[in-house]
Amino acid sequence: MGKQILLADIDKPGLDRLEVYRRLGGYKALEKALEMEPSAVIDEVKASGLRGRGGAGFPTGMKWSFVPRNTGKPTYLLCNADESEPGTFKDRLLLERNPHALIEGMAIAAYALDCHLSYIYMRGEFGFLIKPINRALGEAYAAGILGPSVLGKDYALDMYLHLGQGAYICGEETSLIESLEGYRGYPRIKPPFPAVSGFLSSPTVVNNVETLAALPWIIENGAAAYAAIGTEKSKGTKLFSVSGHINKPGVYEVDLGYPLLDFINHECGGMANGRQLKAVIPGGSSVPVLRADECDGVLLDYESLAKAGTMLGSGGFIVFDDTVKMPELLSVIADFYAHESCGQCTPCREGTGWAAKVLHNLIAGKGKKTDIDLLLKICDLMEGKTICPLADADVMPIRSFVTKYRDEFEALCTS
Amino acid sequence: MIEFSEEAMREYQKILSRYPEKRAAVLPVLTLAQQEFGWISEEVAEYVGSLMDYPPADMKSVSSFYVLLRQKPVGKYHLEICRNVSCWLRGATGCMNEAKRLLGVEAQEVTADGLFSWDFTECLASCGTAVAMQVGNRYFEDLTPEKMGAVIEQLRKESAG
């Protein structure tokens with residue numbers, strides 16, 4: 001299983017150094033891109049079928065094509081390195097081991113977008129990566145890959161590291177932009193979309209680390225080669241971050257369309273301690289949970305997981321055995337959203353906190369059966385009624401857990 | 001007297017040069033101020049405000065949105081233990097209870113010697129190496145309640161020598 005695009009060289013010692021990265025073929029794709037027309041680069045990315053790997057899965061080439069040209073305003077490229085979706089740790093791996101793939105991907109994207117100033121917005125908790133990323137950027141500047149004349153061409157690009165300071169919501173693209181502008185990270189209503197009006201009211205593209213890191217391979221090998229992998233609508237490979245009650249946790253690169261149960265049992269080594277699979281969250285805590293008996297025939301791609309009532313999301317793949325208590329697990333998740341709600345929209349600010357309290361009450365044995373319906377009612381009050389999807393990200397786990405494991409919630413009730 | 005050192009001033013100028021508008025430098029400057037002064041007190045917010053020409057309340061407001069910008073003092077080693085899904089599965093609660101027991105303080109309280117404080121935090125992107133804990137710019141991973149004592153001692157030794 002698995003074309004190794006993103007993880008091909010990930011274990012090679014010194015990959016994070018320019019000399020090694022170049023020796024392994026690095027920055028040839030950028031050279032090639034700079035010989036193409038920017039519009040041709042956009043077309044290539046469109047044809048590849050690459051979709052946003054942060055969680056939303058929006059076609060990358062299409063997002064780029066929304067950027068208007070010749071507005072007189074600068075265009076900005078922002079790398080979303082704010083990886084904070086529970087269960088997800090694949091961007092961290094790329095940042096840690098292969099920063100030059102990100103820098104090269106960003107340079108390719110920036111060139112295509114006629115962008116001359118770009119930022120890597122990295123979560124502040126990745127403090128241990130500040131020096132390594134800045135070192136990689138320094139290497140790129142020293143080698144003329146960044147700066148006034150990229151690889152000797154008439155194209156200037158600056159790229160800087162910008163640190164978040166602890167806020168899950170800043171992984172939402174408009175919140176990221178708002179935070180980058182120097183404010184509390186409140187998401188913005190869309191439209192206008194960032195492509196038209198984002199950072200400093202200028203055209204802005206926000207792309208995830210994994211999305212950008214895939215670009216060098218796509219340019220080097222061609223869109224058709226990328227599109228030959230995966231399924232009809234889910235092209236290419238995706239990094240899955242595997243954790244939970246599994247024998248071999250870690251980051252895996254999967255050809256999209258690979259069977260979910262095979263992935264658990266073969267690649268990931270099966271359930272730890274020989275226990276039975278009870279549930280799986282395939283795409284980060286924000287997606288609906290899948291019961292073990294719902295996994296048959298499900299494939300790891302956008303469409304199959306959506307058809308199964310869940311989502312590919314960030315690929316934060318958490319596996320649970322039969323020792324897990326679903327109400328307690330849901331309470332951990334609900335506390336997260338209550339904590340991370342930015343507070344801007346009343347349904348989310350109040351709803352996430354309310355749901356968390358109801359769950360605490362239930363688990364303490366002080367709840368009633370009507371509290372279970374109350375949880376579902378709170379979901380209805382939140383869903384689709386907010387500026388950003390954080391409320392929906394709370395609704396999906398709550399609704400799926402309560403619906404699929406209702407008996408466990410009822411067992412906690414006094415009446 | 002709250003004031004940037006010469007070195008911090010140089011860093012401040014470097015930060016400003018990276019952004020097309022001064023406002024975009026606010027978060028990095030607040031971060032620099034915390035590195036210099038330990039936490040974002042009213043005085044620090046006033047200083048940053050006067051430096052950048054923004055109201056102190058504005059600077060305090062921005063800083064209070066972000067968990068890593070401390071609104072009260074923390075220990076030299078602030079143990080932030082992930083409480084989220086994969087770490088919870090692997091004993092995060094036990095690790096937090098051990099931190100509380102060994103340090104003798106509640107969450108967010110600082111030990112009398114100023115060395116330690118602890119709190120929960122959310123997903124640190126270490127799910128495959130749970131339980132994870134952040135201390136300043138470092139991660140400690142594959143933690144168990146049993147290992148907490150050794151980690152705390154290691155940090156105590158570091159501080160001494």
# chains A, B, ... in the order shown; residues from 1 in each chain; ligands from 1

$ closest_atom_pairs --of "chain B" --to "chain A" --cutoff "9 Å" --atoms "only C-alpha atoms" --output "JSON lines"
{"residue": "B:Arg18", "atom": "CA", "partner": "A:Tyr160", "partner_atom": "CA", "distance": 7.2}
{"residue": "B:Glu21", "atom": "CA", "partner": "A:Glu181", "partner_atom": "CA", "distance": 8.3}
{"residue": "B:Lys22", "atom": "CA", "partner": "A:Gly182", "partner_atom": "CA", "distance": 8.7}
{"residue": "B:Arg23", "atom": "CA", "partner": "A:Gly182", "partner_atom": "CA", "distance": 5.4}
{"residue": "B:Ala24", "atom": "CA", "partner": "A:Glu181", "partner_atom": "CA", "distance": 4.2}
{"residue": "B:Ala25", "atom": "CA", "partner": "A:Gly182", "partner_atom": "CA", "distance": 6.4}
{"residue": "B:Val26", "atom": "CA", "partner": "A:Gly182", "partner_atom": "CA", "distance": 5.0}
{"residue": "B:Leu27", "atom": "CA", "partner": "A:Gly182", "partner_atom": "CA", "distance": 5.8}
{"residue": "B:Pro28", "atom": "CA", "partner": "A:Leu163", "partner_atom": "CA", "distance": 6.9}
{"residue": "B:Thr31", "atom": "CA", "partner": "A:Gln165", "partner_atom": "CA", "distance": 7.8}
{"residue": "B:Asp58", "atom": "CA", "partner": "A:Tyr183", "partner_atom": "CA", "distance": 8.9}
{"residue": "B:Met59", "atom": "CA", "partner": "A:Tyr183", "partner_atom": "CA", "distance": 9.0}
{"residue": "B:Ser61", "atom": "CA", "partner": "A:Arg184", "partner_atom": "CA", "distance": 7.6}
{"residue": "B:Val62", "atom": "CA", "partner": "A:Arg184", "partner_atom": "CA", "distance": 5.0}
{"residue": "B:Ser63", "atom": "CA", "partner": "A:Arg184", "partner_atom": "CA", "distance": 7.8}
{"residue": "B:Ser64", "atom": "CA", "partner": "A:Arg184", "partner_atom": "CA", "distance": 8.4}
{"residue": "B:Phe65", "atom": "CA", "partner": "A:Arg184", "partner_atom": "CA", "distance": 5.8}
{"residue": "B:Tyr66", "atom": "CA", "partner": "A:Gly166", "partner_atom": "CA", "distance": 5.0}
{"residue": "B:Val67", "atom": "CA", "partner": "A:Gly166", "partner_atom": "CA", "distance": 4.8}
{"residue": "B:Leu68", "atom": "CA", "partner": "A:Gln165", "partner_atom": "CA", "distance": 5.0}
{"residue": "B:Leu69", "atom": "CA", "partner": "A:Gln165", "partner_atom": "CA", "distance": 6.5}
{"residue": "B:Arg83", "atom": "CA", "partner": "A:Val332", "partner_atom": "CA", "distance": 7.7}
{"residue": "B:Asn84", "atom": "CA", "partner": "A:Val332", "partner_atom": "CA", "distance": 6.3}
{"residue": "B:Val85", "atom": "CA", "partner": "A:Val332", "partner_atom": "CA", "distance": 6.5}
{"residue": "B:Ser86", "atom": "CA", "partner": "A:Gly244", "partner_atom": "CA", "distance": 5.5}
{"residue": "B:Cys87", "atom": "CA", "partner": "A:Gly244", "partner_atom": "CA", "distance": 8.5}
{"residue": "B:Trp88", "atom": "CA", "partner": "A:Val332", "partner_atom": "CA", "distance": 7.8}
{"residue": "B:Leu89", "atom": "CA", "partner": "A:Gly244", "partner_atom": "CA", "distance": 6.9}
{"residue": "B:Arg90", "atom": "CA", "partner": "A:Gly244", "partner_atom": "CA", "distance": 8.0}
{"residue": "B:Glu122", "atom": "CA", "partner": "A:Phe336", "partner_atom": "CA", "distance": 7.0}
{"residue": "B:Cys123", "atom": "CA", "partner": "A:Pro86", "partner_atom": "CA", "distance": 5.3}
{"residue": "B:Leu124", "atom": "CA", "partner": "A:Ser84", "partner_atom": "CA", "distance": 6.8}
{"residue": "B:Ala125", "atom": "CA", "partner": "A:Phe89", "partner_atom": "CA", "distance": 4.4}
{"residue": "B:Ser126", "atom": "CA", "partner": "A:Phe89", "partner_atom": "CA", "distance": 6.1}
{"residue": "B:Cys127", "atom": "CA", "partner": "A:Gly87", "partner_atom": "CA", "distance": 5.7}
{"residue": "B:Gly128", "atom": "CA", "partner": "A:Ser243", "partner_atom": "CA", "distance": 4.8}
{"residue": "B:Thr129", "atom": "CA", "partner": "A:Pro249", "partner_atom": "CA", "distance": 7.8}
{"residue": "B:Ala130", "atom": "CA", "partner": "A:Ser243", "partner_atom": "CA", "distance": 8.5}
{"residue": "B:Gln134", "atom": "CA", "partner": "A:Glu125", "partner_atom": "CA", "distance": 7.5}
{"residue": "B:Gly136", "atom": "CA", "partner": "A:Gly127", "partner_atom": "CA", "distance": 7.6}
{"residue": "B:Asn137", "atom": "CA", "partner": "A:Gly127", "partner_atom": "CA", "distance": 4.5}
{"residue": "B:Arg138", "atom": "CA", "partner": "A:Phe128", "partner_atom": "CA", "distance": 5.8}
{"residue": "B:Tyr139", "atom": "CA", "partner": "A:Phe128", "partner_atom": "CA", "distance": 7.7}

$ select_by_dssp --residues "chain B" --states "strand (DSSP E or B)" --output "list in words"
Tyr77, His78, Leu79, Glu80, Ile81, Cys82, Val110, Phe116, Ser117, Trp118, Asp119, Phe120, Thr121, Met133, Gln134, Val135, Arg138, Tyr139 and Phe140 of chain B

$ select_by_dssp --residues "segment 196-382 of chain A" --states "helix (DSSP H, G or I)" --output "ChimeraX atom specification"
/A:199-201,209-213,215-221,223-227,260-267,272-274,292-294,302-307,326-340,346-363,369-382

$ atom_distance --atom1 "atom CA of Arg10 of chain B" --atom2 "atom CA of Tyr47 of chain B"
16.1 Å

$ residues_around --residues "Met148 of chain B" --least-positions-apart "2" --cutoff "9 Å" --atoms "only C-alpha atoms" --output "list in words"
Cys95, Met96, Glu98, Ala99, Leu102, Leu143, Thr144, Pro145, Glu146, Ala150, Val151, Ile152 and Glu153 of chain B

$ write_last_selection --atoms "N, CA and C atoms" --output "PDB file, in the first residue's frame"
ATOM      1  N   CYS B  95      -1.343  11.381  35.127  1.00  0.00           N
ATOM      2  CA  CYS B  95      -0.144  12.220  35.086  1.00  0.00           C
ATOM      3  C   CYS B  95      -0.404  13.550  35.784  1.00  0.00           C
ATOM      4  N   MET B  96      -1.579  14.113  35.548  1.00  0.00           N
ATOM      5  CA  MET B  96      -1.916  15.387  36.188  1.00  0.00           C
ATOM      6  C   MET B  96      -2.050  15.217  37.698  1.00  0.00           C
ATOM      7  N   GLU B  98      -0.489  13.075  39.499  1.00  0.00           N
ATOM      8  CA  GLU B  98       0.871  12.925  40.009  1.00  0.00           C
ATOM      9  C   GLU B  98       1.570  14.279  40.115  1.00  0.00           C
ATOM     10  N   ALA B  99       1.394  15.103  39.093  1.00  0.00           N
ATOM     11  CA  ALA B  99       1.996  16.446  39.127  1.00  0.00           C
ATOM     12  C   ALA B  99       1.495  17.197  40.351  1.00  0.00           C
ATOM     13  N   LEU B 102       3.009  15.504  43.551  1.00  0.00           N
ATOM     14  CA  LEU B 102       4.448  15.682  43.742  1.00  0.00           C
ATOM     15  C   LEU B 102       4.824  17.141  43.999  1.00  0.00           C
ATOM     16  N   LEU B 143       4.812   9.778  28.329  1.00  0.00           N
ATOM     17  CA  LEU B 143       4.761   9.896  29.787  1.00  0.00           C
ATOM     18  C   LEU B 143       3.754   8.926  30.385  1.00  0.00           C
ATOM     19  N   THR B 144       4.038   8.508  31.592  1.00  0.00           N
ATOM     20  CA  THR B 144       3.082   7.752  32.401  1.00  0.00           C
ATOM     21  C   THR B 144       3.081   8.413  33.776  1.00  0.00           C
ATOM     22  N   PRO B 145       2.069   8.151  34.598  1.00  0.00           N
ATOM     23  CA  PRO B 145       2.101   8.710  35.945  1.00  0.00           C
ATOM     24  C   PRO B 145       3.412   8.357  36.669  1.00  0.00           C
ATOM     25  N   GLU B 146       3.903   7.131  36.425  1.00  0.00           N
ATOM     26  CA  GLU B 146       5.128   6.700  37.105  1.00  0.00           C
ATOM     27  C   GLU B 146       6.345   7.516  36.692  1.00  0.00           C
ATOM     28  N   ALA B 150      10.371  11.369  37.856  1.00  0.00           N
ATOM     29  CA  ALA B 150      11.707  11.462  37.261  1.00  0.00           C
ATOM     30  C   ALA B 150      11.851  12.728  36.424  1.00  0.00           C
ATOM     31  N   VAL B 151      10.801  13.065  35.686  1.00  0.00           N
ATOM     32  CA  VAL B 151      10.859  14.266  34.853  1.00  0.00           C
ATOM     33  C   VAL B 151      10.992  15.511  35.718  1.00  0.00           C
ATOM     34  N   ILE B 152      10.198  15.561  36.786  1.00  0.00           N
ATOM     35  CA  ILE B 152      10.255  16.724  37.669  1.00  0.00           C
ATOM     36  C   ILE B 152      11.645  16.841  38.300  1.00  0.00           C
ATOM     37  N   GLU B 153      12.208  15.722  38.705  1.00  0.00           N
ATOM     38  CA  GLU B 153      13.555  15.753  39.295  1.00  0.00           C
ATOM     39  C   GLU B 153      14.598  16.217  38.287  1.00  0.00           C
TER      40      GLU B 153
END

$ residues_around --residues "Val67 of chain A" --least-positions-apart "3" --cutoff "6 Å" --atoms "only C-alpha atoms" --output "list in words"
Trp64, Ala195 and Val196 of chain A

$ residues_around --residues "Ser41 of chain B" --least-positions-apart "5" --cutoff "9 Å" --atoms "only C-alpha atoms" --output "number ranges by chain"
B: 46, 60, 70-73

$ residues_around --residues "segment 37-46 of chain A" --least-positions-apart "3" --cutoff "7 Å" --atoms "only C-alpha atoms" --output "PyMOL selection string"
chain A and resi 33+49-50+60-62+64+111-113+223

$ residues_around --residues "Gln13 of chain B" --least-positions-apart "3" --cutoff "12 Å" --atoms "only C-alpha atoms" --output "list in words"
Phe4, Glu6, Glu7, Ala8, Met9, Arg10, Leu16, Ser17, Arg18, Tyr19, Lys22, Ala25, Pro28, Val29, Leu32, Leu51 and Met52 of chain B

$ decode --residues "segment 35-177 of chain A" --atoms "C-alpha atoms" --output "compact mmCIF listing (two decimals), in the first residue's frame"
# COMPACT_ATOMS: atom_id res chain seq x y z
CA GLU A 35 10.16 27.99 -16.24
CA MET A 36 6.38 27.62 -16.52
CA GLU A 37 3.81 30.34 -16.74
CA PRO A 38 2.18 30.89 -13.33
CA SER A 39 -1.20 30.04 -14.86
CA ALA A 40 0.26 26.77 -16.12
CA VAL A 41 1.35 25.92 -12.58
CA ILE A 42 -2.20 26.55 -11.37
CA ASP A 43 -3.58 24.36 -14.16
CA GLU A 44 -1.18 21.57 -13.22
CA VAL A 45 -2.29 21.67 -9.59
CA LYS A 46 -5.93 21.71 -10.69
CA ALA A 47 -5.38 18.71 -12.95
CA SER A 48 -3.66 16.78 -10.17
CA GLY A 49 -6.85 16.74 -8.14
CA LEU A 50 -4.98 17.77 -4.99
CA ARG A 51 -7.43 18.73 -2.24
CA GLY A 52 -6.75 20.66 0.95
CA ARG A 53 -5.20 18.29 3.47
CA GLY A 54 -5.92 20.30 6.60
CA GLY A 55 -9.46 19.04 6.92
CA ALA A 56 -11.86 20.71 4.50
CA GLY A 57 -10.62 18.94 1.36
CA PHE A 58 -11.31 21.85 -0.97
CA PRO A 59 -9.66 21.48 -4.41
CA THR A 60 -6.38 23.37 -4.11
CA GLY A 61 -6.06 24.49 -7.76
CA MET A 62 -9.62 25.79 -7.66
CA LYS A 63 -8.92 27.80 -4.49
CA TRP A 64 -5.89 29.34 -6.18
CA SER A 65 -7.90 30.22 -9.28
CA PHE A 66 -10.24 32.38 -7.17
CA VAL A 67 -7.42 34.86 -6.59
CA PRO A 68 -8.04 37.87 -8.84
CA ARG A 69 -5.04 39.11 -10.77
CA ASN A 70 -4.03 42.72 -11.31
CA THR A 71 -5.95 44.20 -8.42
CA GLY A 72 -3.04 46.44 -7.54
CA LYS A 73 -3.00 44.75 -4.11
CA PRO A 74 -0.33 42.26 -3.05
CA THR A 75 -1.28 38.59 -2.82
CA TYR A 76 -0.32 36.71 0.33
CA LEU A 77 0.34 33.01 0.84
CA LEU A 78 -0.10 31.71 4.36
CA CYS A 79 0.90 28.21 5.38
CA ASN A 80 -1.44 26.85 8.02
CA ALA A 81 0.93 25.10 10.41
CA ASP A 82 -1.43 25.53 13.37
CA GLU A 83 -2.07 21.76 13.57
CA SER A 84 -4.29 21.38 16.63
CA GLU A 85 -7.07 18.98 15.62
CA PRO A 86 -7.13 16.28 18.31
CA GLY A 87 -5.65 13.11 16.94
CA THR A 88 -3.57 14.84 14.29
CA PHE A 89 0.22 15.00 14.22
CA LYS A 90 1.22 14.65 10.57
CA ASP A 91 2.10 18.29 9.88
CA ARG A 92 4.40 18.20 12.88
CA LEU A 93 6.28 15.29 11.28
CA LEU A 94 6.70 17.19 8.01
CA LEU A 95 7.80 20.37 9.80
CA GLU A 96 10.24 18.44 11.92
CA ARG A 97 11.79 16.19 9.31
CA ASN A 98 11.22 17.85 5.94
CA PRO A 99 10.92 21.65 6.27
CA HIS A 100 12.46 22.17 2.82
CA ALA A 101 9.59 20.31 1.16
CA LEU A 102 7.28 22.86 2.73
CA ILE A 103 9.50 25.79 1.72
CA GLU A 104 9.75 24.49 -1.84
CA GLY A 105 5.99 23.87 -2.00
CA MET A 106 5.30 27.37 -0.69
CA ALA A 107 7.68 28.87 -3.23
CA ILE A 108 5.91 27.01 -6.05
CA ALA A 109 2.51 28.17 -4.79
CA ALA A 110 3.70 31.74 -4.25
CA TYR A 111 5.12 31.90 -7.77
CA ALA A 112 1.85 30.59 -9.23
CA LEU A 113 -0.10 33.21 -7.28
CA ASP A 114 2.24 36.13 -8.00
CA CYS A 115 2.84 36.37 -4.27
CA HIS A 116 6.03 37.94 -2.93
CA LEU A 117 5.43 37.76 0.81
CA SER A 118 4.44 34.60 2.64
CA TYR A 119 4.20 33.38 6.21
CA ILE A 120 4.28 30.05 7.96
CA TYR A 121 1.75 30.45 10.78
CA MET A 122 2.93 27.78 13.18
CA ARG A 123 1.29 26.98 16.50
CA GLY A 124 3.27 28.30 19.44
CA GLU A 125 3.36 24.90 21.13
CA PHE A 126 5.85 23.84 18.42
CA GLY A 127 8.47 26.01 20.14
CA PHE A 128 11.02 23.27 19.62
CA LEU A 129 10.67 23.83 15.86
CA ILE A 130 11.40 27.57 15.87
CA LYS A 131 15.15 27.17 15.49
CA PRO A 132 14.99 24.32 12.92
CA ILE A 133 12.44 26.11 10.72
CA ASN A 134 14.32 29.39 10.89
CA ARG A 135 17.52 27.51 10.10
CA ALA A 136 15.90 25.98 7.01
CA LEU A 137 14.60 29.39 5.94
CA GLY A 138 18.08 30.83 6.51
CA GLU A 139 19.59 28.10 4.34
CA ALA A 140 17.08 28.90 1.61
CA TYR A 141 17.88 32.61 1.73
CA ALA A 142 21.63 31.96 1.71
CA ALA A 143 21.26 29.72 -1.33
CA GLY A 144 19.17 32.28 -3.23
CA ILE A 145 16.05 30.13 -3.08
CA LEU A 146 14.31 32.91 -1.19
CA GLY A 147 14.95 36.61 -1.46
CA PRO A 148 15.06 39.19 -4.24
CA SER A 149 15.87 36.75 -7.04
CA VAL A 150 14.54 33.22 -6.52
CA LEU A 151 17.00 30.77 -8.14
CA GLY A 152 18.33 33.66 -10.17
CA LYS A 153 14.98 34.50 -11.76
CA ASP A 154 13.18 37.81 -11.91
CA TYR A 155 10.93 36.82 -9.04
CA ALA A 156 11.24 37.94 -5.43
CA LEU A 157 9.86 36.02 -2.47
CA ASP A 158 10.11 36.56 1.25
CA MET A 159 9.01 33.88 3.65
CA TYR A 160 8.82 34.24 7.42
CA LEU A 161 7.88 32.13 10.40
CA HIS A 162 5.04 33.57 12.51
CA LEU A 163 4.11 31.91 15.76
CA GLY A 164 0.62 31.45 17.09
CA GLN A 165 0.30 31.57 20.87
CA GLY A 166 -2.16 28.86 21.73
CA ALA A 167 -5.60 28.89 20.11
CA TYR A 168 -7.14 25.94 18.23
CA ILE A 169 -9.50 28.31 16.42
CA CYS A 170 -6.55 29.98 14.68
CA GLY A 171 -6.37 26.90 12.48
CA GLU A 172 -9.57 28.15 10.83
CA GLU A 173 -8.32 30.19 7.89
CA THR A 174 -10.11 33.48 8.60
CA SER A 175 -9.18 33.25 12.28
CA LEU A 176 -5.58 32.64 11.23
CA ILE A 177 -5.67 35.76 9.09
